[in-house]
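Below is one structure, written out as structure tokens, with a few remarks after it.
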Amino acid sequence: AVTDAFEPGSVFKPFVAAAAVEEQLVSSATPINCENGRFRIGRTTIKDDHPEKIISVSEVIKYSSNIGTAKLAFGLGAEDTLDYLEAFGFAQRTGIDLRGEARGFMRPAKTIKPIELATTSYGHGVTATAVQLASAMATLANGGVRMDPYLIAEIQDATGVPVRIFEPEAVQRVVSKDTAGETLAMMVTVTEDGGTGTRAAIPGYAVAGKTGTAWKHVDGAYSSTERIGSFIGAVPADNPKLAMAIVVDNPTKGSRYGGQTAGPVFSEIGEASLRLMGIQPDPTKLPDAEPEAVATDTPVPTAAPELRWAKRGMLIAPDLSGLSMRDALVTLEGAGLALRIEGSGRVTDQSPRPGRTLRPGDRMEVVLK
């Protein structure tokens, strides 16, 4: 993640889009002519995997249009495009606490050719590390402010007393909070119906993300068989707490596209991490469990139970048996409890048991199968 630089592919596109929005050249709704999937630059023709005619900037991200992104870079010009990419942390070391960090590569603005600017905008002819991609994604998730990534929280002496504590430090503001929010909103469409990253979706959370697929450079030329699939994203998109970069080097089974290889990894790691972080899913974004997934020995209530309160503000633990995760969260909404949810499906166990009393802030564990 630190020492290996590779061509990132389309995960670069949101940073070019953010630069164009920040410079007030476009908004997410601005129409872009994507030339029905073929656009000639000099003697070279660039193509889109999903040919479109006129689409919005947001759809350029959703459908991962090379042509649309190249046109955004042309609108910005070489100098501004590369300046913004550098501000996001590319082509320079992050300074993370590990040796051997790679810088990555971008062509200088003074010598870059139009076709090279186009390919750079969608992550070809440029290299980056996974740490740079995660840091850049975190910059958008952090309201446009790039932070100094670090690994060590504190150094302790032999008795456990901290002798040095490391705190988050801002590097620079890259784009405004509004621009960062608008870019994240565009990236949410990637994981929704019709987007290239639907397999990165996490039930109960809005996911902002971007897929990427790039041919590997092997022995001085692009390989016709080997690829790198990637996915970057942040969740929950409306109030991000976690940013990730997932990179799959030369997938050998199934599809080799980033949305199909790296996307499911993002979903699985993201869901487990959010649970560990205590970030509860939004009940309105949870699908109800399918009836056939319910165990035959688990009662299925016809309605979610109402909360009941004992004296002195004590809550009587409701019986959540058979509820879907969504209904369980709706039932406990406003109870002020610290929830720990395990599994998926319907509730099979809970602690404390139904009828026990709880104080606001007490912990309740819910198990679903």
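Order determines the names: the first chain of the structure tokens is A, the second B, and so forth; residues in each chain are numbered 1 upward, and ligands are numbered 1 upward as they are shown.
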
Residues of range 130-248 of chain A in strand (DSSP E or B), written as a ChimeraX atom specification: /A:145-147,154-156,162-165,170-173,202,205,208-218,221-235,242-248

Point-to-point distance in Å for CA of Thr111 in chain A and CA of Gly212 in chain A: 26.2 Å

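Near Gly355 in chain A, within a cut-off of 7 Å and counting only C-alpha atoms, sit the residues A:Ile316, A:Ala317, A:Pro318, with same-chain residues fewer than 6 positions away left out.
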
Per-residue nearest contacts of range 37-137 of chain A to range 144-168 of chain A (12 Å; only C-alpha atoms) as CSV:
residue,atom,partner,partner_atom,distance
A:Tyr84,CA,A:Gly144,CA,11.6
A:Leu85,CA,A:Arg146,CA,11.9
A:Glu86,CA,A:Arg146,CA,11.2
A:Ala87,CA,A:Arg146,CA,8.2
A:Phe88,CA,A:Arg146,CA,6.9
A:Gly89,CA,A:Arg146,CA,8.0
A:Phe90,CA,A:Arg146,CA,11.6
A:Arg93,CA,A:Pro149,CA,10.6
A:Thr94,CA,A:Pro149,CA,6.9
A:Gly95,CA,A:Pro149,CA,7.4
A:Ile96,CA,A:Tyr150,CA,5.2
A:Asp97,CA,A:Tyr150,CA,6.1
A:Leu98,CA,A:Leu151,CA,8.6
A:Val131,CA,A:Pro149,CA,8.6
A:Gln132,CA,A:Pro149,CA,9.4
A:Leu133,CA,A:Pro149,CA,11.6
A:Ala134,CA,A:Pro149,CA,9.5
A:Ser135,CA,A:Pro149,CA,7.0
A:Ala136,CA,A:Arg146,CA,7.1
A:Met137,CA,A:Arg146,CA,9.2

Arg312 in chain A environment, 10 Å, only C-alpha atoms, sequence neighbours closer than 3 positions dropped, as a PyMOL selection string: chain A and resi 309+315+359

Quick one: write out the picked residues with N, CA, C and O atoms as a CSV table (one decimal), in the first residue's frame?
chain,number,residue,atom,x,y,z
A,309,TRP,N,-41.9,2.3,29.5
A,309,TRP,CA,-41.0,2.9,30.5
A,309,TRP,C,-41.4,2.5,31.9
A,309,TRP,O,-42.6,2.6,32.2
A,315,LEU,N,-36.1,2.1,31.2
A,315,LEU,CA,-36.7,1.5,30.0
A,315,LEU,C,-36.9,0.0,30.2
A,315,LEU,O,-36.0,-0.7,30.7
A,359,ARG,N,-31.1,1.7,31.8
A,359,ARG,CA,-31.0,3.1,31.9
A,359,ARG,C,-30.5,3.7,30.6
A,359,ARG,O,-29.9,3.0,29.8

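Proximity to Gln350 in chain A was assessed for A:Asp327, A:Glu182, A:Glu365, A:Glu306 counting only C-alpha atoms; the smallest distance is recorded for A:Glu365.
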
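Proximity to Thr179 in chain A was assessed for A:Glu23, A:Asp362, A:Asp4, A:Glu333 counting only C-alpha atoms; the smallest distance is recorded for A:Glu23.
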
Contacts of Val248 in chain A within 8 Å, only C-alpha atoms, excl. fewer than 5 positions in-chain, as a PyMOL selection string: chain A and resi 228-230+258+261-262

Let's have the selection written as an mmCIF file, in the first residue's frame, with C-alpha atoms.
data_model
loop_
_atom_site.group_PDB
_atom_site.id
_atom_site.type_symbol
_atom_site.label_atom_id
_atom_site.label_comp_id
_atom_site.auth_asym_id
_atom_site.auth_seq_id
_atom_site.Cartn_x
_atom_site.Cartn_y
_atom_site.Cartn_z
ATOM 1 C CA ILE A 228 -5.641 -3.880 -11.449
ATOM 2 C CA GLY A 229 -9.167 -3.480 -10.106
ATOM 3 C CA SER A 230 -9.831 -0.861 -7.451
ATOM 4 C CA GLY A 258 -12.944 -2.908 -10.164
ATOM 5 C CA THR A 261 -13.571 -7.375 -7.768
ATOM 6 C CA ALA A 262 -12.809 -4.585 -5.290
#

Alpha helix (DSSP H) per DSSP on the backbone: members of range 110-169 of chain A, as a ChimeraX atom specification: /A:114-121,130-141

Near-range 18-21 of chain A list (10 Å; only C-alpha atoms; drop same-chain fewer than 4 positions) as a PyMOL selection string: chain A and resi 13-14+25-28+30+57+69+72-76+80-85+88+140+144+174-176+178-184+186

Within 7 Å of range 46-53 of chain A using only C-alpha atoms, minus same-chain residues under 4 positions, as an MDAnalysis selection string: chainID A and resid 33:40 63 65:67

Can I get the selection written as a compact mmCIF listing (two decimals), in the first residue's frame, with all heavy atoms?
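This is the output file out.txt:
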# COMPACT_ATOMS: atom_id res chain seq x y z
N ASN A 33 -21.19 16.62 -23.44
CA ASN A 33 -21.34 15.84 -24.67
C ASN A 33 -20.27 14.75 -24.70
O ASN A 33 -19.09 15.03 -24.90
CB ASN A 33 -21.21 16.74 -25.90
CG ASN A 33 -21.45 15.98 -27.20
OD1 ASN A 33 -21.68 14.78 -27.20
ND2 ASN A 33 -21.39 16.69 -28.31
N CYS A 34 -20.69 13.51 -24.51
CA CYS A 34 -19.76 12.39 -24.48
C CYS A 34 -19.66 11.66 -25.82
O CYS A 34 -19.15 10.52 -25.88
CB CYS A 34 -20.13 11.42 -23.35
SG CYS A 34 -19.84 12.13 -21.71
N GLU A 35 -20.12 12.30 -26.87
CA GLU A 35 -19.81 11.92 -28.26
C GLU A 35 -20.19 10.48 -28.61
O GLU A 35 -19.57 9.85 -29.46
CB GLU A 35 -18.29 12.10 -28.51
CG GLU A 35 -17.72 13.43 -28.07
CD GLU A 35 -18.10 14.58 -28.99
OE1 GLU A 35 -18.62 14.30 -30.08
OE2 GLU A 35 -17.86 15.74 -28.60
N ASN A 36 -21.21 9.95 -27.92
CA ASN A 36 -21.64 8.57 -28.19
C ASN A 36 -20.52 7.55 -28.00
O ASN A 36 -20.47 6.50 -28.64
CB ASN A 36 -22.23 8.43 -29.60
CG ASN A 36 -23.59 9.10 -29.72
OD1 ASN A 36 -24.38 9.06 -28.79
ND2 ASN A 36 -23.85 9.72 -30.86
N GLY A 37 -19.59 7.86 -27.11
CA GLY A 37 -18.59 6.88 -26.71
C GLY A 37 -17.30 6.87 -27.50
O GLY A 37 -16.43 6.03 -27.24
N ARG A 38 -17.11 7.82 -28.44
CA ARG A 38 -15.86 7.88 -29.20
C ARG A 38 -15.47 9.34 -29.36
O ARG A 38 -16.25 10.16 -29.86
CB ARG A 38 -16.01 7.21 -30.57
CG ARG A 38 -16.31 5.72 -30.51
CD ARG A 38 -16.50 5.14 -31.91
NE ARG A 38 -15.26 5.18 -32.67
CZ ARG A 38 -14.34 4.23 -32.65
NH1 ARG A 38 -14.49 3.17 -31.88
NH2 ARG A 38 -13.25 4.33 -33.38
N PHE A 39 -14.23 9.68 -28.94
CA PHE A 39 -13.78 11.07 -28.98
C PHE A 39 -12.34 11.10 -29.48
O PHE A 39 -11.44 10.49 -28.88
CB PHE A 39 -13.88 11.67 -27.58
CG PHE A 39 -13.46 13.11 -27.48
CD1 PHE A 39 -13.89 14.05 -28.39
CD2 PHE A 39 -12.62 13.52 -26.44
CE1 PHE A 39 -13.51 15.38 -28.30
CE2 PHE A 39 -12.23 14.85 -26.32
CZ PHE A 39 -12.68 15.78 -27.26
N ARG A 40 -12.13 11.79 -30.59
CA ARG A 40 -10.81 11.82 -31.21
C ARG A 40 -9.98 12.98 -30.65
O ARG A 40 -10.43 14.13 -30.61
CB ARG A 40 -10.93 11.96 -32.72
CG ARG A 40 -9.62 11.71 -33.46
CD ARG A 40 -9.85 11.53 -34.95
NE ARG A 40 -8.60 11.24 -35.66
CZ ARG A 40 -8.05 10.05 -35.75
NH1 ARG A 40 -8.63 9.01 -35.17
NH2 ARG A 40 -6.92 9.86 -36.41
N TYR A 63 -21.42 6.61 -14.59
CA TYR A 63 -21.15 5.66 -15.66
C TYR A 63 -19.68 5.54 -16.00
O TYR A 63 -19.30 4.79 -16.89
CB TYR A 63 -21.93 6.07 -16.92
CG TYR A 63 -23.42 6.18 -16.72
CD1 TYR A 63 -24.13 7.28 -17.18
CD2 TYR A 63 -24.12 5.18 -16.04
CE1 TYR A 63 -25.49 7.39 -16.99
CE2 TYR A 63 -25.49 5.29 -15.84
CZ TYR A 63 -26.18 6.39 -16.32
OH TYR A 63 -27.53 6.49 -16.12
N SER A 65 -17.35 7.79 -17.37
CA SER A 65 -17.06 8.21 -18.73
C SER A 65 -15.64 8.78 -18.85
O SER A 65 -15.33 9.81 -18.23
CB SER A 65 -18.07 9.26 -19.21
OG SER A 65 -17.66 9.85 -20.42
N ASN A 66 -14.80 8.14 -19.65
CA ASN A 66 -13.47 8.67 -19.94
C ASN A 66 -13.57 9.99 -20.70
O ASN A 66 -12.84 10.94 -20.43
CB ASN A 66 -12.67 7.68 -20.78
CG ASN A 66 -12.36 6.39 -20.05
OD1 ASN A 66 -12.36 6.33 -18.83
ND2 ASN A 66 -12.11 5.34 -20.81
N ILE A 67 -14.48 10.03 -21.67
CA ILE A 67 -14.62 11.21 -22.51
C ILE A 67 -15.09 12.40 -21.69
O ILE A 67 -14.54 13.52 -21.80
CB ILE A 67 -15.59 10.92 -23.67
CG1 ILE A 67 -15.00 9.84 -24.58
CG2 ILE A 67 -15.89 12.20 -24.47
CD1 ILE A 67 -15.97 9.28 -25.60
